[in-house]
file start-v3.csv (CSV, C-alpha atoms)
chain,number,residue,atom,x,y,z
A,1,MET,CA,-218.2,-79.3,26.8
A,2,LEU,CA,-215.9,-82.2,27.4
A,3,ASN,CA,-215.3,-83.4,31.0
A,4,LYS,CA,-211.6,-83.5,31.4
A,5,GLU,CA,-211.9,-85.3,34.7
A,6,MET,CA,-213.4,-88.4,33.1
A,7,LYS,CA,-211.7,-91.7,33.7
A,8,ILE,CA,-210.4,-93.3,30.5
A,9,LEU,CA,-209.4,-96.9,30.2
A,10,ILE,CA,-206.8,-97.6,27.5
A,11,VAL,CA,-206.6,-101.3,26.3
A,12,ASP,CA,-203.8,-102.4,24.1
A,13,ASP,CA,-201.4,-105.4,24.2
A,14,PHE,CA,-198.5,-103.2,23.2
A,15,SER,CA,-197.3,-101.0,26.1
A,16,THR,CA,-195.7,-98.5,23.6
A,17,MET,CA,-199.1,-97.9,22.1
A,18,ARG,CA,-200.7,-97.5,25.5
A,19,ARG,CA,-198.0,-94.9,26.4
A,20,ILE,CA,-198.6,-93.0,23.1
A,21,ILE,CA,-202.4,-92.8,23.6
A,22,LYS,CA,-201.9,-91.9,27.3
A,23,ASN,CA,-199.5,-89.0,26.3
A,24,LEU,CA,-201.8,-87.8,23.6
A,25,LEU,CA,-204.8,-87.8,26.0
A,26,ARG,CA,-202.7,-85.9,28.6
A,27,ASP,CA,-201.9,-83.3,25.9
A,28,LEU,CA,-205.7,-83.0,25.3
A,29,GLY,CA,-206.1,-82.4,29.0
A,30,PHE,CA,-207.3,-85.9,30.1
A,31,ASN,CA,-205.1,-86.9,33.0
A,32,ASN,CA,-207.3,-89.6,34.6
A,33,THR,CA,-206.3,-92.7,32.7
A,34,ALA,CA,-206.0,-96.4,33.4
A,35,GLU,CA,-204.5,-99.2,31.3
A,36,ALA,CA,-205.1,-102.9,30.6
A,37,ASP,CA,-203.3,-105.2,28.2
A,38,ASP,CA,-206.2,-107.1,26.9
A,39,GLY,CA,-210.0,-107.6,27.1
A,40,LYS,CA,-209.8,-110.1,29.9
A,41,THR,CA,-207.9,-107.8,32.2
A,42,ALA,CA,-209.9,-104.8,31.1
A,43,LEU,CA,-213.4,-106.2,31.8
A,44,PRO,CA,-213.0,-106.5,35.6
A,45,GLN,CA,-211.5,-103.0,35.7
A,46,LEU,CA,-214.6,-101.7,33.9
A,47,GLN,CA,-216.9,-103.6,36.1
A,48,SER,CA,-215.4,-102.6,39.4
A,49,GLY,CA,-213.9,-99.1,38.8
A,50,ARG,CA,-216.0,-96.3,37.4
A,51,CYS,CA,-214.8,-95.7,33.9
A,52,ASP,CA,-216.3,-93.0,31.6
A,53,PHE,CA,-214.7,-93.9,28.3
A,54,LEU,CA,-213.0,-96.9,26.8
A,55,ILE,CA,-210.3,-96.8,24.1
A,56,THR,CA,-209.4,-100.3,22.9
A,57,ASP,CA,-207.3,-102.0,20.3
A,58,TRP,CA,-208.9,-104.9,18.4
A,59,ASN,CA,-206.2,-107.6,17.9
A,60,MET,CA,-205.1,-108.7,21.3
A,61,PRO,CA,-204.3,-112.1,22.9
A,62,VAL,CA,-206.8,-113.9,25.2
A,63,MET,CA,-209.7,-111.5,24.7
A,64,ASN,CA,-209.7,-109.2,21.7
A,65,GLY,CA,-211.2,-105.7,21.5
A,66,LEU,CA,-214.3,-106.8,19.6
A,67,ASP,CA,-215.2,-109.4,22.2
A,68,LEU,CA,-214.5,-106.8,24.9
A,69,LEU,CA,-216.9,-104.4,23.1
A,70,LYS,CA,-219.6,-107.2,22.9
A,71,ALA,CA,-219.1,-108.0,26.6
A,72,VAL,CA,-219.5,-104.3,27.5
A,73,ARG,CA,-222.7,-103.9,25.4
A,74,ALA,CA,-224.1,-107.1,26.9
A,75,ASP,CA,-223.5,-105.9,30.5
A,76,PRO,CA,-226.4,-103.8,31.7
A,77,ASN,CA,-224.1,-101.7,33.9
A,78,LEU,CA,-221.7,-101.0,31.1
A,79,ALA,CA,-223.9,-101.0,28.0
A,80,GLY,CA,-223.9,-97.2,27.6
A,81,LEU,CA,-220.1,-96.8,27.9
A,82,PRO,CA,-218.6,-94.9,25.0
A,83,VAL,CA,-216.1,-97.0,23.2
A,84,LEU,CA,-213.5,-95.8,20.7
A,85,MET,CA,-211.6,-98.5,18.8
A,86,VAL,CA,-208.0,-97.7,17.8
A,87,THR,CA,-206.7,-100.5,15.7
A,88,ALA,CA,-204.6,-101.6,12.7
A,89,GLU,CA,-207.5,-103.7,11.4
A,90,ALA,CA,-208.4,-102.0,8.2
A,91,LYS,CA,-210.7,-104.3,6.3
A,92,ARG,CA,-214.1,-102.8,5.4
A,93,ASN,CA,-216.1,-105.8,6.6
A,94,GLN,CA,-214.2,-105.6,10.0
A,95,ILE,CA,-215.1,-101.9,10.4
A,96,VAL,CA,-218.8,-102.7,9.6
A,97,GLU,CA,-218.6,-105.6,12.0
A,98,ALA,CA,-217.3,-103.3,14.8
A,99,ALA,CA,-220.0,-100.7,13.9
A,100,ASN,CA,-222.7,-103.3,14.2
A,101,ALA,CA,-221.3,-104.5,17.5
A,102,GLY,CA,-221.8,-100.9,18.9
A,103,ILE,CA,-218.6,-98.9,18.6
A,104,ASN,CA,-218.9,-95.1,19.0
A,105,GLY,CA,-215.8,-94.4,17.0
A,106,TYR,CA,-213.1,-96.1,14.9
A,107,ILE,CA,-209.5,-95.0,14.3
A,108,VAL,CA,-207.2,-96.9,12.0
A,109,LYS,CA,-203.5,-97.1,12.9
A,110,PRO,CA,-201.3,-95.3,12.0
A,111,PHE,CA,-203.1,-92.3,13.3
A,112,ASN,CA,-202.3,-88.8,14.6
A,113,ALA,CA,-203.1,-86.6,17.6
A,114,VAL,CA,-205.6,-84.5,15.6
A,115,THR,CA,-207.6,-87.5,14.6
A,116,LEU,CA,-207.8,-88.7,18.2
A,117,LYS,CA,-208.9,-85.3,19.4
A,118,GLU,CA,-211.6,-85.1,16.7
A,119,LYS,CA,-213.0,-88.5,17.3
A,120,ILE,CA,-213.2,-88.0,21.1
A,121,GLU,CA,-215.0,-84.7,20.6
A,122,ARG,CA,-217.4,-86.1,18.1
A,123,ILE,CA,-218.3,-89.1,20.3
A,124,PHE,CA,-219.2,-86.8,23.2
A,125,GLU,CA,-220.9,-84.3,21.0
A,126,ARG,CA,-223.2,-87.0,19.7
A,127,ILE,CA,-223.8,-88.4,23.2
A,128,GLU,CA,-224.8,-84.9,24.4
A,129,ALA,CA,-227.0,-84.4,21.4
A,130,ASN,CA,-228.8,-87.6,22.1
A,131,ALA,CA,-229.1,-87.1,25.9
B,1,MET,CA,-190.4,-140.6,-1.1
B,2,ALA,CA,-190.7,-143.9,0.8
B,3,LYS,CA,-187.8,-146.1,0.2
B,4,ARG,CA,-188.1,-149.9,-0.2
B,5,SER,CA,-186.2,-151.7,2.5
B,6,PRO,CA,-184.3,-154.9,1.5
B,7,ARG,CA,-185.9,-158.2,2.1
B,8,PRO,CA,-184.9,-159.3,5.7
B,9,GLU,CA,-182.2,-162.0,5.5
B,10,PRO,CA,-183.0,-164.0,8.7
B,11,GLN,CA,-186.2,-165.3,7.0
B,12,VAL,CA,-184.1,-167.5,4.8
B,13,SER,CA,-182.6,-169.6,7.6
B,14,PRO,CA,-185.8,-171.0,9.1
B,15,LEU,CA,-187.1,-171.7,5.6
B,16,LEU,CA,-184.0,-173.6,4.7
B,17,ALA,CA,-184.2,-175.5,8.0
B,18,ALA,CA,-187.8,-176.4,7.2
B,19,ALA,CA,-187.0,-177.5,3.7
B,20,ARG,CA,-184.2,-179.8,4.9
B,21,GLU,CA,-186.5,-181.2,7.5
B,22,LEU,CA,-189.1,-181.9,4.8
B,23,VAL,CA,-186.5,-183.8,2.7
B,24,ALA,CA,-185.4,-185.7,5.8
B,25,LYS,CA,-189.0,-186.7,6.7
B,26,ALA,CA,-189.8,-187.7,3.1
B,27,GLU,CA,-186.6,-189.8,2.8
B,28,VAL,CA,-187.6,-191.8,5.9
B,29,GLY,CA,-191.2,-192.1,4.6
B,30,ASP,CA,-192.7,-190.2,7.6
B,31,GLU,CA,-195.9,-189.1,5.9
B,32,GLU,CA,-197.5,-187.4,8.9
B,33,GLY,CA,-194.2,-185.5,9.6
B,34,THR,CA,-193.9,-184.5,5.9
B,35,ALA,CA,-197.5,-183.1,6.0
B,36,GLN,CA,-196.8,-181.2,9.1
B,37,VAL,CA,-193.6,-179.6,7.7
B,38,LEU,CA,-195.4,-178.8,4.5
B,39,GLU,CA,-198.1,-177.0,6.4
B,40,GLN,CA,-195.5,-175.1,8.4
B,41,LEU,CA,-193.8,-174.1,5.1
B,42,THR,CA,-197.1,-172.8,3.7
B,43,ARG,CA,-197.8,-170.8,6.8
B,44,MET,CA,-194.4,-169.3,6.7
B,45,ARG,CA,-195.0,-168.2,3.1
B,46,GLY,CA,-198.3,-166.7,4.1
B,47,ASP,CA,-196.7,-164.7,7.0
B,48,THR,CA,-194.1,-163.2,4.6
B,49,LEU,CA,-196.9,-162.2,2.2
B,50,PHE,CA,-198.8,-160.5,4.9
B,51,GLU,CA,-195.7,-158.8,6.1
B,52,GLU,CA,-195.0,-157.4,2.7
B,53,LEU,CA,-198.6,-156.4,2.3
B,54,GLY,CA,-198.4,-154.5,5.6
B,55,LYS,CA,-195.2,-152.7,4.5
B,56,LEU,CA,-196.8,-151.7,1.2
B,57,THR,CA,-199.9,-150.4,3.0
B,58,ARG,CA,-197.7,-148.3,5.4
B,59,GLN,CA,-195.7,-146.9,2.5
B,60,LEU,CA,-198.8,-145.9,0.7
B,61,HIS,CA,-200.3,-144.2,3.8
B,62,GLU,CA,-197.1,-142.3,4.4
B,63,SER,CA,-196.7,-141.3,0.8
B,64,LEU,CA,-200.3,-139.9,0.9
B,65,ASN,CA,-199.5,-138.0,4.1
B,66,SER,CA,-196.2,-136.7,2.8
B,67,PHE,CA,-198.1,-135.5,-0.3
B,68,ARG,CA,-200.4,-133.5,2.0
B,69,THR,CA,-197.4,-132.0,3.7
B,70,ASP,CA,-195.7,-131.3,0.4
B,71,ALA,CA,-198.8,-129.4,-0.8
B,72,ARG,CA,-198.9,-127.2,2.3
B,73,LEU,CA,-195.1,-126.6,1.9
B,74,MET,CA,-195.6,-125.7,-1.7
B,75,ASP,CA,-198.3,-123.2,-0.7
B,76,ILE,CA,-196.0,-121.7,1.9
B,77,ALA,CA,-193.1,-121.5,-0.6
B,78,ALA,CA,-195.3,-120.0,-3.4
B,79,ARG,CA,-197.4,-117.6,-1.4
B,80,GLU,CA,-196.5,-117.1,2.2
B,81,ILE,CA,-192.8,-116.8,2.1
B,82,PRO,CA,-192.9,-114.0,-0.6
B,83,ASP,CA,-195.7,-112.4,1.6
B,84,ALA,CA,-193.5,-112.7,4.7
B,85,GLN,CA,-190.6,-111.1,2.7
B,86,ASP,CA,-192.8,-108.1,1.9
B,87,ARG,CA,-193.9,-107.9,5.5
B,88,LEU,CA,-190.3,-107.9,6.8
B,89,THR,CA,-189.4,-105.3,4.2
B,90,TYR,CA,-192.3,-103.2,5.4
B,91,VAL,CA,-191.0,-103.6,9.0
B,92,ILE,CA,-187.6,-102.3,7.9
B,93,SER,CA,-189.1,-99.3,6.1
B,94,MET,CA,-191.4,-98.5,9.1
B,95,THR,CA,-188.6,-98.6,11.6
B,96,GLU,CA,-186.4,-96.6,9.3
B,97,GLN,CA,-189.1,-93.9,8.9
B,98,ALA,CA,-189.7,-93.8,12.7
B,99,ALA,CA,-185.9,-93.4,13.2
B,100,HIS,CA,-185.8,-90.5,10.7
B,101,ARG,CA,-188.9,-88.8,12.1
B,102,THR,CA,-187.4,-89.0,15.6
B,103,LEU,CA,-183.9,-87.9,14.5
B,104,THR,CA,-185.3,-85.0,12.5
B,105,ALA,CA,-187.3,-83.7,15.4
B,106,VAL,CA,-184.4,-84.1,17.9
B,107,GLU,CA,-181.8,-82.5,15.5
B,108,GLY,CA,-184.1,-79.6,14.9
B,109,ARG,CA,-184.6,-78.9,18.6
B,110,ILE,CA,-181.1,-79.4,20.0
B,111,PRO,CA,-179.6,-76.2,18.6
B,112,VAL,CA,-182.6,-74.1,19.5
B,113,ILE,CA,-182.5,-75.3,23.1
B,114,GLY,CA,-178.7,-74.6,23.2
B,115,ASP,CA,-179.4,-71.1,21.9
B,116,LEU,CA,-182.1,-70.4,24.5
B,117,GLN,CA,-179.8,-71.7,27.3
B,118,THR,CA,-177.0,-69.4,26.2
B,119,GLY,CA,-179.4,-66.5,25.9
B,120,ALA,CA,-180.9,-67.1,29.4
B,121,ALA,CA,-177.4,-67.3,30.9
B,122,ALA,CA,-176.5,-63.9,29.3
B,123,LEU,CA,-179.7,-62.3,30.4
B,124,ARG,CA,-179.4,-63.6,33.9
B,125,GLU,CA,-175.9,-62.0,34.2
B,126,ARG,CA,-177.3,-58.7,33.0
B,127,TRP,CA,-180.3,-59.0,35.4
B,128,GLY,CA,-177.8,-59.6,38.2
B,129,CYS,CA,-176.0,-56.4,37.2
B,130,PHE,CA,-179.3,-54.5,37.4
B,131,CYS,CA,-180.1,-56.0,40.8
B,132,ARG,CA,-176.6,-54.9,42.1
B,133,ARG,CA,-177.6,-51.4,40.8
B,134,CYS,CA,-174.5,-51.2,38.5
B,135,MET,CA,-176.5,-50.5,35.4
B,136,SER,CA,-177.3,-47.2,33.6
B,137,ALA,CA,-180.8,-46.2,32.7
B,138,GLU,CA,-179.9,-46.6,29.0
B,139,GLU,CA,-178.5,-50.1,29.6
B,140,PHE,CA,-181.7,-51.0,31.5
B,141,ARG,CA,-183.8,-49.8,28.7
B,142,VAL,CA,-182.0,-52.2,26.3
B,143,LEU,CA,-182.1,-55.0,28.9
B,144,ASN,CA,-185.9,-54.5,29.2
B,145,SER,CA,-186.4,-54.8,25.5
B,146,ASP,CA,-184.1,-57.8,25.2
B,147,LEU,CA,-185.9,-59.6,28.1
B,148,ASP,CA,-189.2,-59.0,26.4
B,149,GLY,CA,-187.9,-60.3,23.1
B,150,PHE,CA,-186.3,-63.3,24.8
B,151,LEU,CA,-189.5,-64.3,26.7
B,152,GLY,CA,-191.5,-64.0,23.5
B,153,ARG,CA,-189.0,-66.3,21.8
B,154,VAL,CA,-189.0,-68.8,24.6
B,155,GLU,CA,-192.8,-68.9,24.4
B,156,GLN,CA,-192.7,-69.5,20.7
B,157,GLU,CA,-189.9,-72.1,20.8
B,158,MET,CA,-191.5,-74.0,23.7
B,159,ALA,CA,-194.7,-74.4,21.6
B,160,ARG,CA,-192.6,-75.7,18.7
B,161,THR,CA,-190.7,-78.0,21.0
B,162,HIS,CA,-193.9,-79.4,22.3
B,163,GLY,CA,-195.0,-80.1,18.7
B,164,GLU,CA,-191.7,-81.8,17.9
B,165,LEU,CA,-191.9,-83.9,21.1
B,166,THR,CA,-195.4,-85.0,20.1
B,167,GLU,CA,-193.9,-86.0,16.7
B,168,VAL,CA,-191.2,-88.1,18.5
B,169,LEU,CA,-194.0,-89.6,20.6
B,170,MET,CA,-196.1,-90.5,17.5
B,171,ALA,CA,-193.1,-91.9,15.7
B,172,GLN,CA,-193.0,-94.7,18.3
B,173,GLU,CA,-196.2,-96.2,17.1
B,174,PHE,CA,-194.3,-98.3,14.6
B,175,GLN,CA,-193.5,-100.7,17.5
B,176,ASP,CA,-197.1,-101.8,17.8
B,177,LEU,CA,-197.5,-102.3,14.0
B,178,THR,CA,-194.1,-103.9,13.4
B,179,GLY,CA,-194.6,-106.1,16.5
B,180,GLN,CA,-197.9,-107.5,15.1
B,181,ILE,CA,-196.3,-108.1,11.7
B,182,LEU,CA,-193.2,-109.8,13.2
B,183,ARG,CA,-195.4,-112.1,15.3
B,184,ARG,CA,-197.1,-113.3,12.2
B,185,VAL,CA,-193.8,-114.0,10.5
B,186,ILE,CA,-192.7,-115.9,13.6
B,187,GLU,CA,-195.8,-118.0,13.4
B,188,LEU,CA,-195.0,-118.8,9.7
B,189,VAL,CA,-191.5,-119.8,10.6
B,190,HIS,CA,-192.8,-122.1,13.3
B,191,GLU,CA,-195.1,-123.7,10.8
B,192,VAL,CA,-192.4,-124.2,8.2
B,193,GLU,CA,-190.2,-125.7,11.0
B,194,ALA,CA,-193.0,-128.1,11.9
B,195,HIS,CA,-193.5,-129.2,8.3
B,196,LEU,CA,-189.8,-129.7,7.8
B,197,VAL,CA,-189.6,-131.8,11.0
B,198,ASP,CA,-192.4,-133.9,9.5
B,199,LEU,CA,-190.5,-134.4,6.3
B,200,VAL,CA,-187.4,-135.4,8.2
B,201,ARG,CA,-189.4,-137.9,10.2
B,202,LEU,CA,-191.0,-139.3,7.0
B,203,SER,CA,-187.7,-139.8,5.2
B,204,GLY,CA,-186.5,-141.6,8.3
B,205,GLU,CA,-189.7,-143.8,8.3
B,206,ARG,CA,-190.3,-143.0,11.9
B,207,ARG,CA,-193.2,-140.7,11.5
B,208,GLU,CA,-195.9,-140.7,14.1
B,209,GLU,CA,-199.6,-139.9,13.5
B,210,ARG,CA,-200.2,-136.1,13.5
B,211,VAL,CA,-203.3,-134.1,13.6
B,212,ASP,CA,-203.3,-131.4,11.0
B,213,GLU,CA,-203.9,-127.9,12.3
B,214,GLN,CA,-206.9,-126.1,10.9
B,215,PRO,CA,-206.3,-122.8,9.1
B,216,THR,CA,-207.6,-119.8,11.0
B,217,GLY,CA,-211.1,-118.6,10.1
B,218,ASN,CA,-212.0,-115.3,8.3
B,219,SER,CA,-213.3,-113.6,11.4
B,220,GLU,CA,-209.9,-113.5,13.0
B,221,PRO,CA,-208.1,-110.2,13.1
B,222,SER,CA,-205.8,-110.0,10.0
B,223,GLY,CA,-203.2,-107.5,11.4
B,224,PRO,CA,-201.9,-104.3,9.9
B,225,ALA,CA,-202.5,-103.7,6.2
B,226,ILE,CA,-199.3,-103.9,4.2
B,227,PRO,CA,-199.2,-101.3,1.4
B,228,GLY,CA,-199.4,-103.1,-2.0
B,229,ARG,CA,-200.2,-106.5,-0.4
B,230,SER,CA,-203.7,-106.0,0.9
B,231,GLY,CA,-206.7,-106.3,-1.4
B,232,THR,CA,-209.4,-103.8,-2.2
B,233,ASP,CA,-211.4,-104.7,0.9
B,234,VAL,CA,-209.0,-102.7,3.0
B,235,VAL,CA,-209.4,-99.0,3.8
B,236,SER,CA,-206.6,-96.8,2.7
B,237,GLY,CA,-206.7,-94.5,5.8
B,238,GLN,CA,-208.8,-92.7,8.4
B,239,ASP,CA,-210.7,-90.7,5.7
B,240,ASP,CA,-211.9,-94.0,4.2
B,241,VAL,CA,-212.9,-95.2,7.6
B,242,ASP,CA,-214.9,-92.0,8.3
B,243,GLU,CA,-216.6,-92.3,4.9
B,244,LEU,CA,-217.5,-95.9,5.5
B,245,LEU,CA,-218.9,-95.2,9.0
B,246,SER,CA,-220.8,-92.1,7.9
B,247,GLY,CA,-222.6,-94.4,5.4
B,248,LEU,CA,-223.6,-96.4,8.5
B,249,GLY,CA,-225.0,-93.3,10.3
B,250,PHE,CA,-222.0,-92.4,12.3

call {"tool": "encode", "arguments": {"input": "start-v3.csv", "output": "structure tokens"}}
result
Amino acid sequence: MLNKEMKILIVDDFSTMRRIIKNLLRDLGFNNTAEADDGKTALPQLQSGRCDFLITDWNMPVMNGLDLLKAVRADPNLAGLPVLMVTAEAKRNQIVEAANAGINGYIVKPFNAVTLKEKIERIFERIEANA
Amino acid sequence: MAKRSPRPEPQVSPLLAAARELVAKAEVGDEEGTAQVLEQLTRMRGDTLFEELGKLTRQLHESLNSFRTDARLMDIAAREIPDAQDRLTYVISMTEQAAHRTLTAVEGRIPVIGDLQTGAAALRERWGCFCRRCMSAEEFRVLNSDLDGFLGRVEQEMARTHGELTEVLMAQEFQDLTGQILRRVIELVHEVEAHLVDLVRLSGERREERVDEQPTGNSEPSGPAIPGRSGTDVVSGQDDVDELLSGLGF
């Protein structure tokens, strides 16, 4: 059963995309969201505030989503954080690279509400199954 | 590319002066003076030679550099400008699609919402009539049935409206993708501008030393896939991603 109260951090350099994801999450019943516009501003938020789920873009200035993912996995306090990547990066080797770096899910843009719902449910089903 | 500048005229004057001096010294039989002037003349000839050699070296260096610039410009012209044209065309089609998706959703909902508003106003009036007890039992029976039907319709239409609003919401995602594409085209335009400035400098022979920028590596994000422009190493959609990841144990 999904915890609708969990805090979700949305990281994307485009504010329109952050709004879209935030609205879709609200439709799915997740109201507790925070936003950051790149990895560098996201990381302190993750380290200080209690976040339960990270949704990040890949291609962002300063610190991209893959580097953010690597930083999260390298931090003992954050290593177990579920991470969903929502990105326009569609090359096979990039998806494999993200998988190797420890993503929990990968959505390629353009995407839809159903896909987002499915991926989030799947991520938490697997976490529960492994717990 | 490099144009040859005419031999500088002022060189002739000191040469002529020295030649006249040589003749004058020789005429009066000043051997030491003659030798000095001869040496001076030889040195002057050597200086001119070195100057010419220096000019030639510089021209060669600049020609080689301009060749490098030309090669990059040719690459841009042959490959990247057509690619940028495709990218920009894709931006147009994406923004057009988004506009149509939004307009279709809005156009579909506006008459329905107008209808519901009119229906609600009419029912409210009849409900007021019932409250003021100026309604027959038969009229109330009809009102009751109409209210039930109306509420059912509101429920149904609100669900549809919610779906259409989500459609409008999702249509806005073009901004992220087109933004990424446009940024790349802007970078290309900047690069072309820099190369053109270089060429202008070269033709003016006032070019300064410049460090060539290294092309970006393969590990950099490559931006949204453009239909028809991306190779086979690109997934065609979410189903492809899921298939790829399921192969990796996801």

call {"tool": "residues_around", "arguments": {"input": "start-v3.csv", "residues": "Met17 of chain A", "least_positions_apart": "4", "cutoff": "7 Å", "atoms": "only C-alpha atoms", "output": "PyMOL selection string"}}
result
(chain A and resi 12+21) or (chain B and resi 173+176)

call {"tool": "residues_around", "arguments": {"input": "start-v3.csv", "residues": "Val96 of chain A", "least_positions_apart": "4", "cutoff": "9 Å", "atoms": "only C-alpha atoms", "output": "list in words"}}
result
Lys91, Arg92, Asn100 and Ala101 of chain A; Leu244, Leu245 and Leu248 of chain B

call {"tool": "atom_distance", "arguments": {"input": "start-v3.csv", "atom1": "atom CA of Leu24 of chain A", "atom2": "atom CA of Ala113 of chain A"}}
result
6.3 Å

call {"tool": "interface_residues", "arguments": {"input": "start-v3.csv", "of": "chain A", "to": "chain B", "cutoff": "7 Å", "atoms": "only C-alpha atoms", "output": "CSV table (one decimal) with C-alpha atoms, in the frame of the given file"}}
result
chain,number,residue,atom,x,y,z
A,14,PHE,CA,-198.5,-103.2,23.2
A,16,THR,CA,-195.7,-98.5,23.6
A,17,MET,CA,-199.1,-97.9,22.1
A,20,ILE,CA,-198.6,-93.0,23.1
A,59,ASN,CA,-206.2,-107.6,17.9
A,88,ALA,CA,-204.6,-101.6,12.7
A,89,GLU,CA,-207.5,-103.7,11.4
A,90,ALA,CA,-208.4,-102.0,8.2
A,91,LYS,CA,-210.7,-104.3,6.3
A,92,ARG,CA,-214.1,-102.8,5.4
A,107,ILE,CA,-209.5,-95.0,14.3
A,108,VAL,CA,-207.2,-96.9,12.0

call {"tool": "atom_distance", "arguments": {"input": "start-v3.csv", "atom1": "atom CA of Ser93 of chain B", "atom2": "atom CA of Met74 of chain B"}}
result
28.3 Å

call {"tool": "atom_distance", "arguments": {"input": "start-v3.csv", "atom1": "atom CA of Asn31 of chain A", "atom2": "atom CA of Glu5 of chain A"}}
result
7.2 Å

call {"tool": "closest_residue", "arguments": {"input": "start-v3.csv", "among": "B:Ala26, B:Ala18, B:Val189, B:Leu116", "to": "Arg43 of chain B", "atoms": "only C-alpha atoms"}}
result
B:Ala18

call {"tool": "residues_near_point", "arguments": {"input": "start-v3.csv", "point": "(-203.9, -83.7, 29.5)", "cutoff": "12 Å", "atoms": "all atoms listed in the file", "output": "list in words"}}
result
Asn3, Lys4, Glu5, Met6, Lys7, Ile8, Ile21, Lys22, Asn23, Leu24, Leu25, Arg26, Asp27, Leu28, Gly29, Phe30, Asn31, Asn32, Thr33 and Lys117 of chain A

call {"tool": "residues_around", "arguments": {"input": "start-v3.csv", "residues": "Gly80 of chain A", "least_positions_apart": "6", "cutoff": "10 Å", "atoms": "all atoms listed in the file", "output": "MDAnalysis selection string"}}
result
chainID A and resid 52:53 72:74 102 127

call {"tool": "closest_residue", "arguments": {"input": "start-v3.csv", "among": "A:Gln94, A:Asn104, A:Phe111, A:Asn130", "to": "Leu69 of chain A", "atoms": "only C-alpha atoms"}}
result
A:Asn104

call {"tool": "residues_near_point", "arguments": {"input": "start-v3.csv", "point": "(-213.3, -103.7, 20.6)", "cutoff": "10 Å", "atoms": "all atoms listed in the file", "output": "number ranges by chain"}}
result
A: 11, 39, 54-60, 63-72, 83-87, 98-99, 101-103, 106

call {"tool": "decode", "arguments": {"input": "start-v3.csv", "residues": "segment 85-99 of chain A", "atoms": "N, CA and C atoms", "output": "mmCIF file, in the first residue's frame"}}
result
data_model
loop_
_atom_site.group_PDB
_atom_site.id
_atom_site.type_symbol
_atom_site.label_atom_id
_atom_site.label_comp_id
_atom_site.auth_asym_id
_atom_site.auth_seq_id
_atom_site.Cartn_x
_atom_site.Cartn_y
_atom_site.Cartn_z
ATOM 1 N N MET A 85 13.934 8.288 -12.585
ATOM 2 C CA MET A 85 14.449 9.263 -13.538
ATOM 3 C C MET A 85 13.411 9.510 -14.621
ATOM 4 N N VAL A 86 13.090 10.784 -14.838
ATOM 5 C CA VAL A 86 12.145 11.175 -15.888
ATOM 6 C C VAL A 86 12.905 12.099 -16.825
ATOM 7 N N THR A 87 13.250 11.605 -18.009
ATOM 8 C CA THR A 87 14.190 12.344 -18.843
ATOM 9 C C THR A 87 13.927 12.153 -20.331
ATOM 10 N N ALA A 88 14.463 13.084 -21.119
ATOM 11 C CA ALA A 88 14.361 12.959 -22.576
ATOM 12 C C ALA A 88 15.512 12.130 -23.134
ATOM 13 N N GLU A 89 16.488 11.787 -22.278
ATOM 14 C CA GLU A 89 17.640 10.997 -22.741
ATOM 15 C C GLU A 89 17.157 9.602 -23.114
ATOM 16 N N ALA A 90 17.305 9.248 -24.395
ATOM 17 C CA ALA A 90 16.670 8.020 -24.874
ATOM 18 C C ALA A 90 17.657 7.027 -25.461
ATOM 19 N N LYS A 91 18.954 7.274 -25.260
ATOM 20 C CA LYS A 91 19.937 6.333 -25.819
ATOM 21 C C LYS A 91 20.039 5.101 -24.923
ATOM 22 N N ARG A 92 20.127 3.940 -25.591
ATOM 23 C CA ARG A 92 20.169 2.674 -24.851
ATOM 24 C C ARG A 92 21.315 2.647 -23.845
ATOM 25 N N ASN A 93 22.505 3.094 -24.307
ATOM 26 C CA ASN A 93 23.650 3.020 -23.386
ATOM 27 C C ASN A 93 23.481 3.957 -22.196
ATOM 28 N N GLN A 94 22.711 5.035 -22.395
ATOM 29 C CA GLN A 94 22.454 5.948 -21.271
ATOM 30 C C GLN A 94 21.528 5.294 -20.247
ATOM 31 N N ILE A 95 20.516 4.585 -20.748
ATOM 32 C CA ILE A 95 19.572 3.915 -19.848
ATOM 33 C C ILE A 95 20.307 2.837 -19.037
ATOM 34 N N VAL A 96 21.188 2.122 -19.734
ATOM 35 C CA VAL A 96 21.984 1.091 -19.048
ATOM 36 C C VAL A 96 22.891 1.743 -18.002
ATOM 37 N N GLU A 97 23.479 2.879 -18.376
ATOM 38 C CA GLU A 97 24.363 3.608 -17.455
ATOM 39 C C GLU A 97 23.593 4.031 -16.197
ATOM 40 N N ALA A 98 22.368 4.539 -16.406
ATOM 41 C CA ALA A 98 21.536 4.957 -15.270
ATOM 42 C C ALA A 98 21.159 3.756 -14.413
ATOM 43 N N ALA A 99 20.872 2.640 -15.080
ATOM 44 C CA ALA A 99 20.520 1.417 -14.342
ATOM 45 C C ALA A 99 21.698 0.968 -13.490
#
